[in-house]
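J.: File work22.txt below, compact mmCIF, C-alpha atoms:
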# COMPACT_ATOMS: atom_id res chain seq x y z
CA MET A 1 -7.13 199.12 262.21
CA ARG A 2 -3.38 198.63 262.21
CA HIS A 3 -3.23 199.13 258.45
CA TYR A 4 -4.50 202.67 258.59
CA VAL A 5 -1.99 204.50 260.77
CA ALA A 6 0.02 205.60 257.74
CA PHE A 7 -3.18 206.29 255.82
CA LEU A 8 -4.42 208.66 258.50
CA GLY A 9 -1.13 210.50 258.41
CA PHE A 10 -1.12 211.24 254.68
CA ALA A 11 -2.58 214.73 255.03
CA CYS A 12 0.10 215.73 257.50
CA ALA A 13 2.68 216.57 254.86
CA GLY A 14 2.76 220.04 256.32
CA ALA A 15 3.68 218.12 259.24
CA LEU A 16 3.13 218.26 262.87
CA LEU A 17 4.80 215.85 265.24
CA GLY A 18 2.98 216.77 268.40
CA ALA A 19 2.05 220.24 269.55
CA ASP A 20 4.69 222.82 270.38
CA VAL A 21 3.53 225.19 273.09
CA SER A 22 4.85 228.69 272.57
CA VAL A 23 3.74 232.03 273.95
CA VAL A 24 5.08 233.97 270.96
CA GLU A 25 5.58 232.58 267.46
CA GLU A 26 8.49 234.12 265.58
CA ILE A 27 7.41 235.06 262.07
CA ILE A 28 10.16 234.40 259.56
CA CYS A 29 8.23 234.72 256.29
CA LYS A 30 5.15 236.59 255.02
CA VAL A 31 3.28 235.24 251.99
CA ASN A 32 0.49 237.61 250.97
CA GLY A 33 -1.83 237.49 254.00
CA ASP A 34 -0.28 234.33 255.51
CA ILE A 35 2.83 233.76 257.58
CA VAL A 36 5.43 231.05 258.19
CA THR A 37 6.81 230.71 261.72
CA ARG A 38 10.04 229.31 263.06
CA ASN A 39 8.09 226.62 264.93
CA GLU A 40 6.43 225.46 261.69
CA LEU A 41 9.78 225.02 260.01
CA GLU A 42 11.17 223.19 263.04
CA ARG A 43 8.23 220.78 263.04
CA SER A 44 8.75 220.17 259.32
CA ARG A 45 12.44 219.53 259.97
CA LYS A 46 11.60 217.00 262.70
CA GLN A 47 9.20 215.14 260.44
CA LEU A 48 11.75 215.12 257.65
CA GLU A 49 14.31 213.57 260.00
CA SER A 50 11.75 210.98 261.15
CA GLU A 51 10.98 210.01 257.54
CA LEU A 52 14.67 209.67 256.68
CA ARG A 53 15.24 207.47 259.75
CA GLN A 54 12.33 205.27 258.66
CA GLN A 55 14.16 204.85 255.35
CA GLY A 56 17.08 203.39 257.29
CA LEU A 57 19.40 206.40 257.27
CA ASN A 58 21.54 207.17 260.31
CA GLY A 59 24.90 208.65 261.26
CA LEU A 60 26.71 210.60 258.55
CA ARG A 61 24.27 209.45 255.85
CA LEU A 62 21.39 210.92 257.86
CA GLN A 63 23.30 214.16 258.47
CA ASP A 64 24.12 214.56 254.75
CA ALA A 65 20.54 213.81 253.71
CA MET A 66 19.15 216.24 256.28
CA LYS A 67 21.56 218.97 255.18
CA GLU A 68 20.49 218.60 251.56
CA ALA A 69 16.74 218.21 252.16
CA SER A 70 16.55 221.00 254.75
CA LYS A 71 17.43 223.54 252.07
CA ASN A 72 13.93 223.15 250.63
CA ILE A 73 11.81 223.23 253.80
CA LEU A 74 10.95 226.93 253.52
CA ARG A 75 10.48 226.62 249.76
CA GLU A 76 7.93 223.84 250.19
CA ARG A 77 6.00 225.77 252.83
CA ILE A 78 5.83 228.83 250.58
CA ASP A 79 4.79 226.59 247.67
CA GLN A 80 1.93 225.19 249.72
CA LEU A 81 0.67 228.58 250.85
CA LEU A 82 0.78 230.00 247.32
CA LEU A 83 -1.13 227.05 245.88
CA VAL A 84 -3.81 227.16 248.58
CA GLN A 85 -4.18 230.92 248.09
CA ARG A 86 -4.45 230.41 244.33
CA GLY A 87 -7.14 227.80 244.81
CA LYS A 88 -9.18 230.24 246.86
CA GLU A 89 -8.68 232.97 244.24
CA LEU A 90 -10.02 230.58 241.59
CA GLY A 91 -13.04 229.83 243.77
CA LEU A 92 -12.29 226.10 243.88
CA LYS A 93 -14.38 224.12 246.37
CA VAL A 94 -13.28 220.82 247.89
CA ASP A 95 -15.67 220.53 250.84
CA THR A 96 -17.49 217.58 249.27
CA ASP A 97 -14.19 215.82 248.55
CA VAL A 98 -13.04 216.36 252.14
CA THR A 99 -16.28 214.91 253.50
CA LYS A 100 -15.97 211.86 251.24
CA GLU A 101 -12.33 211.36 252.16
CA LEU A 102 -13.01 211.52 255.89
CA ALA A 103 -16.01 209.18 255.52
CA GLU A 104 -13.86 206.67 253.64
CA ILE A 105 -11.10 206.81 256.27
CA GLN A 106 -13.71 206.34 259.00
CA ARG A 107 -15.21 203.39 257.12
CA ARG A 108 -11.81 201.77 256.69
CA THR A 109 -10.97 202.14 260.37
CA GLN A 110 -14.36 200.62 261.23
CA ILE A 111 -15.10 203.26 263.86
CA ALA A 112 -18.71 204.38 263.56
CA ASP A 113 -18.64 206.77 266.53
CA PRO A 114 -17.51 210.23 265.28
CA GLU A 115 -15.96 211.15 268.64
CA LYS A 116 -13.91 207.94 268.77
CA PHE A 117 -12.81 208.47 265.18
CA GLN A 118 -11.67 212.01 265.98
CA GLN A 119 -9.80 210.66 269.00
CA LEU A 120 -8.02 208.15 266.74
CA VAL A 121 -7.00 210.98 264.43
CA ARG A 122 -5.54 212.91 267.37
CA GLU A 123 -3.66 209.84 268.63
CA GLN A 124 -2.21 208.86 265.25
CA THR A 125 -1.34 212.33 263.91
CA GLY A 126 -0.68 214.37 267.04
CA MET A 127 -3.08 216.99 265.68
CA ALA A 128 -6.45 218.32 266.70
CA PHE A 129 -9.12 216.90 264.40
CA GLU A 130 -9.98 220.33 262.98
CA ASP A 131 -6.30 220.95 262.19
CA TYR A 132 -6.12 217.55 260.47
CA LYS A 133 -9.26 218.36 258.49
CA GLY A 134 -7.78 221.74 257.58
CA ASP A 135 -4.58 220.11 256.32
CA LEU A 136 -6.65 217.63 254.29
CA THR A 137 -8.65 220.49 252.81
CA ASN A 138 -5.48 222.33 251.82
CA GLN A 139 -3.98 219.18 250.33
CA LEU A 140 -7.02 218.49 248.15
CA LEU A 141 -7.22 222.16 247.15
CA THR A 142 -3.55 222.12 246.18
CA GLN A 143 -4.04 218.99 244.09
CA ARG A 144 -6.98 220.61 242.30
CA VAL A 145 -4.94 223.72 241.49
CA VAL A 146 -2.05 221.65 240.14
CA ARG A 147 -4.37 219.58 237.93
CA GLN A 148 -6.16 222.65 236.58
CA GLU A 149 -3.24 225.04 236.22
CA VAL A 150 -0.30 222.74 235.39
CA THR A 151 -0.93 219.11 234.46
CA SER A 152 -3.92 219.82 232.21
CA LYS A 153 -1.73 222.06 230.06
CA ILE A 154 0.93 219.42 229.37
CA GLN A 155 -0.30 217.86 226.13
CA PHE A 156 1.33 215.61 223.51
CA LYS A 157 0.52 215.00 219.86
CA LYS A 158 -0.10 211.40 218.90
CA GLU A 159 2.78 211.45 216.41
CA ASP A 160 5.15 212.39 219.26
CA LEU A 161 3.90 209.44 221.30
CA GLU A 162 4.31 207.07 218.35
CA LYS A 163 7.83 208.34 217.68
CA TYR A 164 8.84 207.72 221.29
CA TYR A 165 7.34 204.22 221.12
CA ASN A 166 9.18 203.39 217.88
CA ASP A 167 12.47 204.74 219.25
CA HIS A 168 12.19 202.77 222.52
CA LYS A 169 10.61 199.46 221.60
CA ASP A 170 12.93 197.56 223.92
CA ASP A 171 11.20 199.30 226.82
CA PHE A 172 7.89 197.75 225.80
CA MET A 173 8.95 194.10 225.65
CA ARG A 174 7.16 192.20 228.42
CA GLN A 175 6.49 188.89 230.06
CA GLU A 176 3.00 187.40 230.05
CA ARG A 177 1.08 188.80 232.99
CA VAL A 178 -2.39 189.35 234.39
CA PHE A 179 -3.74 192.54 235.96
CA LEU A 180 -6.08 191.88 238.88
CA ARG A 181 -8.56 193.54 241.20
CA GLU A 182 -9.67 191.89 244.42
CA ILE A 183 -12.47 191.90 246.94
CA LEU A 184 -11.96 190.35 250.38
CA VAL A 185 -14.86 189.36 252.62
CA SER A 186 -13.09 188.88 255.93
CA THR A 187 -13.79 186.03 258.38
CA GLU A 188 -11.27 187.18 260.98
CA GLY A 189 -12.72 186.99 264.49
CA LYS A 190 -15.97 185.42 263.26
CA ASP A 191 -17.60 182.21 264.48
CA ALA A 192 -19.09 179.53 262.21
CA ALA A 193 -22.27 181.51 261.64
CA GLY A 194 -20.28 184.63 260.82
CA ALA A 195 -18.09 182.69 258.38
CA ALA A 196 -21.18 181.28 256.67
CA ALA A 197 -22.61 184.79 256.33
CA ALA A 198 -19.29 185.99 254.87
CA GLU A 199 -19.35 183.19 252.28
CA LYS A 200 -22.92 184.08 251.29
CA LYS A 201 -21.94 187.74 250.95
CA ALA A 202 -18.98 186.78 248.76
CA LYS A 203 -21.19 184.67 246.47
CA ASP A 204 -23.68 187.52 246.17
CA LEU A 205 -20.87 189.91 245.22
CA VAL A 206 -19.68 187.49 242.51
CA ALA A 207 -23.20 187.27 241.10
CA ARG A 208 -23.53 191.05 241.01
CA ALA A 209 -20.15 191.47 239.33
CA ARG A 210 -20.97 188.88 236.67
CA LYS A 211 -24.21 190.73 235.91
CA GLY A 212 -22.19 193.82 235.06
CA GLU A 213 -21.97 195.83 238.29
CA ARG A 214 -18.74 197.83 238.47
CA PHE A 215 -16.17 195.72 240.30
CA GLN A 216 -14.10 198.77 241.26
CA GLU A 217 -17.01 200.43 243.04
CA MET A 218 -17.98 197.16 244.74
CA ALA A 219 -14.42 196.80 246.04
CA GLN A 220 -14.45 200.34 247.43
CA SER A 221 -17.75 199.81 249.26
CA SER A 222 -17.66 196.12 250.21
CA SER A 223 -14.08 194.86 250.40
CA ASP A 224 -12.16 194.38 253.66
CA ALA A 225 -8.80 194.35 251.85
CA VAL A 226 -6.26 197.17 252.18
CA SER A 227 -6.64 197.64 248.40
CA ALA A 228 -10.27 198.77 248.79
CA PRO A 229 -9.56 202.54 248.50
CA GLN A 230 -7.91 201.83 245.12
CA GLY A 231 -10.95 199.89 243.94
CA GLY A 232 -9.26 196.59 244.70
CA ASP A 233 -6.41 197.20 242.24
CA ILE A 234 -3.44 194.93 243.03
CA GLY A 235 -1.54 195.47 239.78
CA PRO A 236 0.14 193.06 237.34
CA TRP A 237 1.35 189.54 238.17
CA GLU A 238 3.73 187.32 236.19
CA LYS A 239 3.35 183.55 236.10
CA GLY A 240 4.61 181.89 239.26
CA LYS A 241 4.21 184.97 241.45
CA LEU A 242 0.66 184.28 242.59
CA ARG A 243 -0.49 181.67 245.09
CA GLU A 244 -1.13 178.40 243.21
CA ASP A 245 -4.91 178.24 243.70
CA ILE A 246 -5.33 181.90 242.72
CA GLU A 247 -3.10 181.50 239.65
CA ALA A 248 -5.04 178.43 238.59
CA ALA A 249 -8.28 180.41 238.85
CA VAL A 250 -7.16 183.42 236.78
CA TRP A 251 -4.25 182.55 234.50
CA ALA A 252 -6.14 181.05 231.56
CA GLN A 253 -8.90 183.66 231.70
CA GLN A 254 -9.51 186.73 229.56
CA ARG A 255 -10.18 190.33 230.50
CA GLY A 256 -13.36 190.78 232.54
CA TYR A 257 -13.43 187.32 234.13
CA VAL A 258 -14.58 187.18 237.79
CA THR A 259 -13.61 184.18 239.93
CA ASP A 260 -15.75 182.23 242.36
CA PRO A 261 -14.97 183.04 246.02
CA ILE A 262 -11.63 181.51 247.02
CA LYS A 263 -11.29 180.49 250.68
CA THR A 264 -8.15 181.77 252.39
CA ASP A 265 -6.94 182.07 255.98
CA VAL A 266 -8.41 185.58 256.26
CA GLY A 267 -11.70 185.13 254.43
CA PHE A 268 -13.14 184.77 250.94
CA GLN A 269 -11.22 186.36 248.06
CA ILE A 270 -12.77 187.33 244.73
CA TYR A 271 -10.61 188.34 241.76
CA LYS A 272 -11.37 190.08 238.49
CA VAL A 273 -9.02 189.87 235.50
CA GLU A 274 -8.63 193.48 234.40
CA ASP A 275 -6.27 192.54 231.59
CA HIS A 276 -4.26 189.55 230.37
CA GLN A 277 -1.19 190.54 228.39
CA LYS A 278 0.76 188.05 226.31
CA ALA A 279 4.56 187.89 226.16
CA GLY A 280 6.39 189.93 223.51
CA LEU A 281 6.33 193.49 222.18
CA ALA A 282 3.30 195.41 223.36
CA GLN A 283 1.33 197.16 220.63
CA PHE A 284 1.33 200.96 220.69
CA GLU A 285 -2.39 201.07 221.47
CA GLU A 286 -1.80 198.92 224.56
CA VAL A 287 0.90 201.16 225.99
CA GLU A 288 -0.16 204.59 224.71
CA ASN A 289 -1.01 205.78 228.22
CA GLN A 290 2.30 204.44 229.51
CA VAL A 291 4.18 206.29 226.75
CA GLN A 292 2.34 209.49 227.65
CA GLU A 293 3.32 209.08 231.30
CA MET A 294 6.95 208.53 230.32
CA LEU A 295 6.95 211.78 228.35
CA PHE A 296 4.94 213.60 230.99
CA ALA A 297 7.21 212.87 233.97
CA PRO A 298 10.29 214.85 232.76
CA GLN A 299 8.11 217.88 232.00
CA MET A 300 6.05 217.98 235.16
CA GLN A 301 8.69 219.18 237.63
CA PRO A 302 10.03 222.03 235.44
CA LYS A 303 6.47 223.15 234.61
CA MET A 304 5.53 223.04 238.28
CA ARG A 305 8.50 225.16 239.30
CA GLU A 306 7.80 227.58 236.46
CA TYR A 307 4.23 227.98 237.72
CA LEU A 308 5.33 228.46 241.34
CA THR A 309 7.91 231.03 240.23
CA LYS A 310 5.11 232.93 238.50
CA LEU A 311 3.04 232.88 241.70
CA ARG A 312 6.04 234.18 243.64
CA THR A 313 6.54 237.02 241.17
CA GLN A 314 2.94 238.15 241.74
CA ALA A 315 2.99 237.66 245.51
CA PHE A 316 3.74 239.93 248.45
CA LEU A 317 6.67 238.03 249.93
CA GLU A 318 9.10 238.89 252.73
CA ILE A 319 11.73 236.62 254.26
CA LYS A 320 13.64 237.35 257.44
CA PRO A 321 17.46 237.51 257.11
CA GLY A 322 19.07 234.14 257.79
CA PHE A 323 16.40 232.16 255.92
CA GLU A 324 16.42 231.29 252.23
CA ASP A 325 13.75 230.32 249.72
CA SER A 326 15.43 227.83 247.39
CA GLY A 327 12.61 228.39 244.87
CA ALA A 328 13.03 232.17 244.79
CA ALA A 329 11.89 234.07 241.70
CA PRO A 330 14.85 235.78 239.98
CA GLY A 331 14.86 239.50 240.67
CA LYS A 332 12.08 239.27 243.26
CA ASP A 333 12.76 241.52 246.25
CA THR A 334 11.85 239.70 249.47
CA THR A 335 13.66 242.01 251.87
CA TRP A 336 12.26 241.82 255.40
CA GLN A 337 10.53 245.03 256.51
CA ASP A 338 9.91 246.35 260.01
CA PRO A 339 6.62 244.69 261.03
CA ALA A 340 5.71 247.77 263.06
CA GLN A 341 5.54 249.73 259.82
CA LEU A 342 4.15 247.10 257.47
CA LYS A 343 1.12 244.88 257.96
CA PRO A 344 1.14 242.14 255.31
CA GLU A 345 -2.60 241.51 255.56
CA THR A 346 -3.27 245.03 254.25
CA VAL A 347 -1.24 244.52 251.07
CA THR A 348 -3.27 242.91 248.31
CA LYS A 349 -1.98 241.23 245.18
CA GLU A 350 -3.72 243.90 243.10
CA GLU A 351 -1.74 246.59 244.95
CA LEU A 352 1.46 244.70 244.26
CA LEU A 353 0.74 244.21 240.56
CA ASN A 354 -0.17 247.91 240.20
CA LYS A 355 2.93 248.99 242.09
CA SER A 356 4.97 250.12 239.09
CA ARG A 357 2.08 251.97 237.48
CA ARG A 358 1.17 253.79 240.70
CA LYS A 359 4.77 254.80 241.35
CA HIS A 360 4.92 256.29 237.87
CA LEU A 361 1.80 258.31 238.56
CA LEU A 362 2.93 259.44 242.01
CA GLY A 363 6.51 260.22 241.13
CA VAL A 364 8.88 259.53 244.01
CA VAL A 365 6.25 259.40 246.76
CA PRO A 366 6.51 255.93 248.39
CA ILE A 367 3.40 253.78 248.61
CA PRO A 368 2.67 252.50 252.14
CA GLY A 369 3.36 248.79 252.47
CA THR A 370 5.16 248.39 249.14
CA SER A 371 8.56 249.99 249.75
CA THR A 372 11.45 248.08 248.20
CA LYS A 373 14.19 249.82 250.11
CA LYS A 374 16.66 247.17 251.23
CA THR A 375 17.24 247.14 254.96
CA GLY A 376 19.02 243.86 255.39
CA THR A 377 20.39 240.77 253.70
CA SER A 378 17.93 239.49 251.11
CA SER A 379 17.56 235.76 250.95
CA SER A 380 15.79 235.43 247.66
CA ARG A 381 14.30 238.47 246.00
Kindly return the structure encoded in the file as structure tokens.
T.:
Amino acid sequence: MRHYVAFLGFACAGALLGADVSVVEEIICKVNGDIVTRNELERSRKQLESELRQQGLNGLRLQDAMKEASKNILRERIDQLLLVQRGKELGLKVDTDVTKELAEIQRRTQIADPEKFQQLVREQTGMAFEDYKGDLTNQLLTQRVVRQEVTSKIQFKKEDLEKYYNDHKDDFMRQERVFLREILVSTEGKDAAGAAAAEKKAKDLVARARKGERFQEMAQSSSDAVSAPQGGDIGPWEKGKLREDIEAAVWAQQRGYVTDPIKTDVGFQIYKVEDHQKAGLAQFEEVENQVQEMLFAPQMQPKMREYLTKLRTQAFLEIKPGFEDSGAAPGKDTTWQDPAQLKPETVTKEELLNKSRRKHLLGVVPIPGTSTKKTGTSSSR
């Protein structure tokens, strides 16, 4: 179970380190029908500091890193809200994905009792289970929006990929290496009978794999290794980096080979050779996906910010003086209005987008909830 503390925390990027009890939450930002509170930003700041400390930063280095990273805390919270709202507008559904994700986490923690599993979530994340599930839902919804609205639209022609490859051949020189997947049938804490049963299970898994059953799916459902969620993928290995008995079992083999069970201190290991690359210049066909990733990476961040700027332009957005959105859309007025006179939940995106047209029709008569009169210091509009 010790391996899954970090895994349980992955959906907490919005980030709660314990529960802050407050009678009144101070609203500092309105994003369409949602709000951002001071307490939310403070919790995000605390988690950021915790992560930086885990990276070994302290003293002046920690202060400098916090000063720089803190500039984007509000931006990232607004980003998240806009993406979740967009996902709902598009009618995207992730309920099935959430159920599968929670079931996989529960399987990996080996806690069959739902109540005990929920208690573990509360202990490891500091969040109520429903809040954790809500954060997971928002994370998966956000990922779906990004894939559909941003990454899917970044395309490259094959001739552009080939040109990059020909211009950077030195980057594709490599040592001989094997790519492996693994399945572990654990014997930890088992007596002789349990160890014998584990060995039989391992042999059965080898037989199934050699008959053509998908090794990746078998690893996800049957492996006790921490690599199970990734289908047993443990990446590439150069000669001399593997344990001697494992290297002897896989090094001379070709793609698709599945080893016999190998006895180790923790159980029986099974390996599949996903690929065996020889030393020298990789052919374009072998690294085409890698070339695409190398071209994709520099474009992703600018495209993402361009998309989020577009969402900001279309959004009802107000920010209290003293706070700044580092991802602000140029020319966007985010002046804070008197909450007694403006209820953000009554202002729809359609009203905002029709604002100019309606003002033209109505002359100088102000439209309730859409006034742009500046009453204080604007942080980003």
J.: With a distance cut-off of 12 Å and only C-alpha atoms, select the neighbouring residues of Lys200 in chain A, excluding the residue or stretch itself and same-chain residues fewer than 5 positions from it, and output the selection as an NGL selection string.
T.: :A and (185-187 or 193-195 or 205-207 or 260-261 or 267-268)
J.: Do a neighbour search on range 246-252 of chain A at 12 Å with all atoms listed in the file, toss out local chain neighbours closer than 4 positions, and write the hits as a ChimeraX atom specification.
T.: /A:176-182,236-242,256-264,268-278
J.: Could you jot down the CA of Leu295 in chain A to CA of Glu68 in chain A separation for me, Å, one decimal place?
T.: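 Separating CA of Leu295 in chain A from CA of Glu68 in chain A is a distance of 27.7 Å.
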J.: Using Å and a single decimal, report how far CA of Lys163 in chain A sits from CA of Gln299 in chain A.
T.: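 Computed distance, CA of Gln299 in chain A to CA of Lys163 in chain A, equals 17.2 Å.
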J.: Just to confirm, what's the straight-line distance from CA of Gly87 in chain A to CA of Leu141 in chain A in Å (one decimal)?
T.: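 Calculated distance between CA of Gly87 in chain A and CA of Leu141 in chain A is 6.1 Å.
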J.: Check the smallest atom-to-atom distance from each of A:Gln216, A:Asn166, A:Asn58, A:Gln148 to Met304 in chain A using only C-alpha atoms, then report the winner.
T.: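 Under the stated criterion, the closest residue is A:Gln148.
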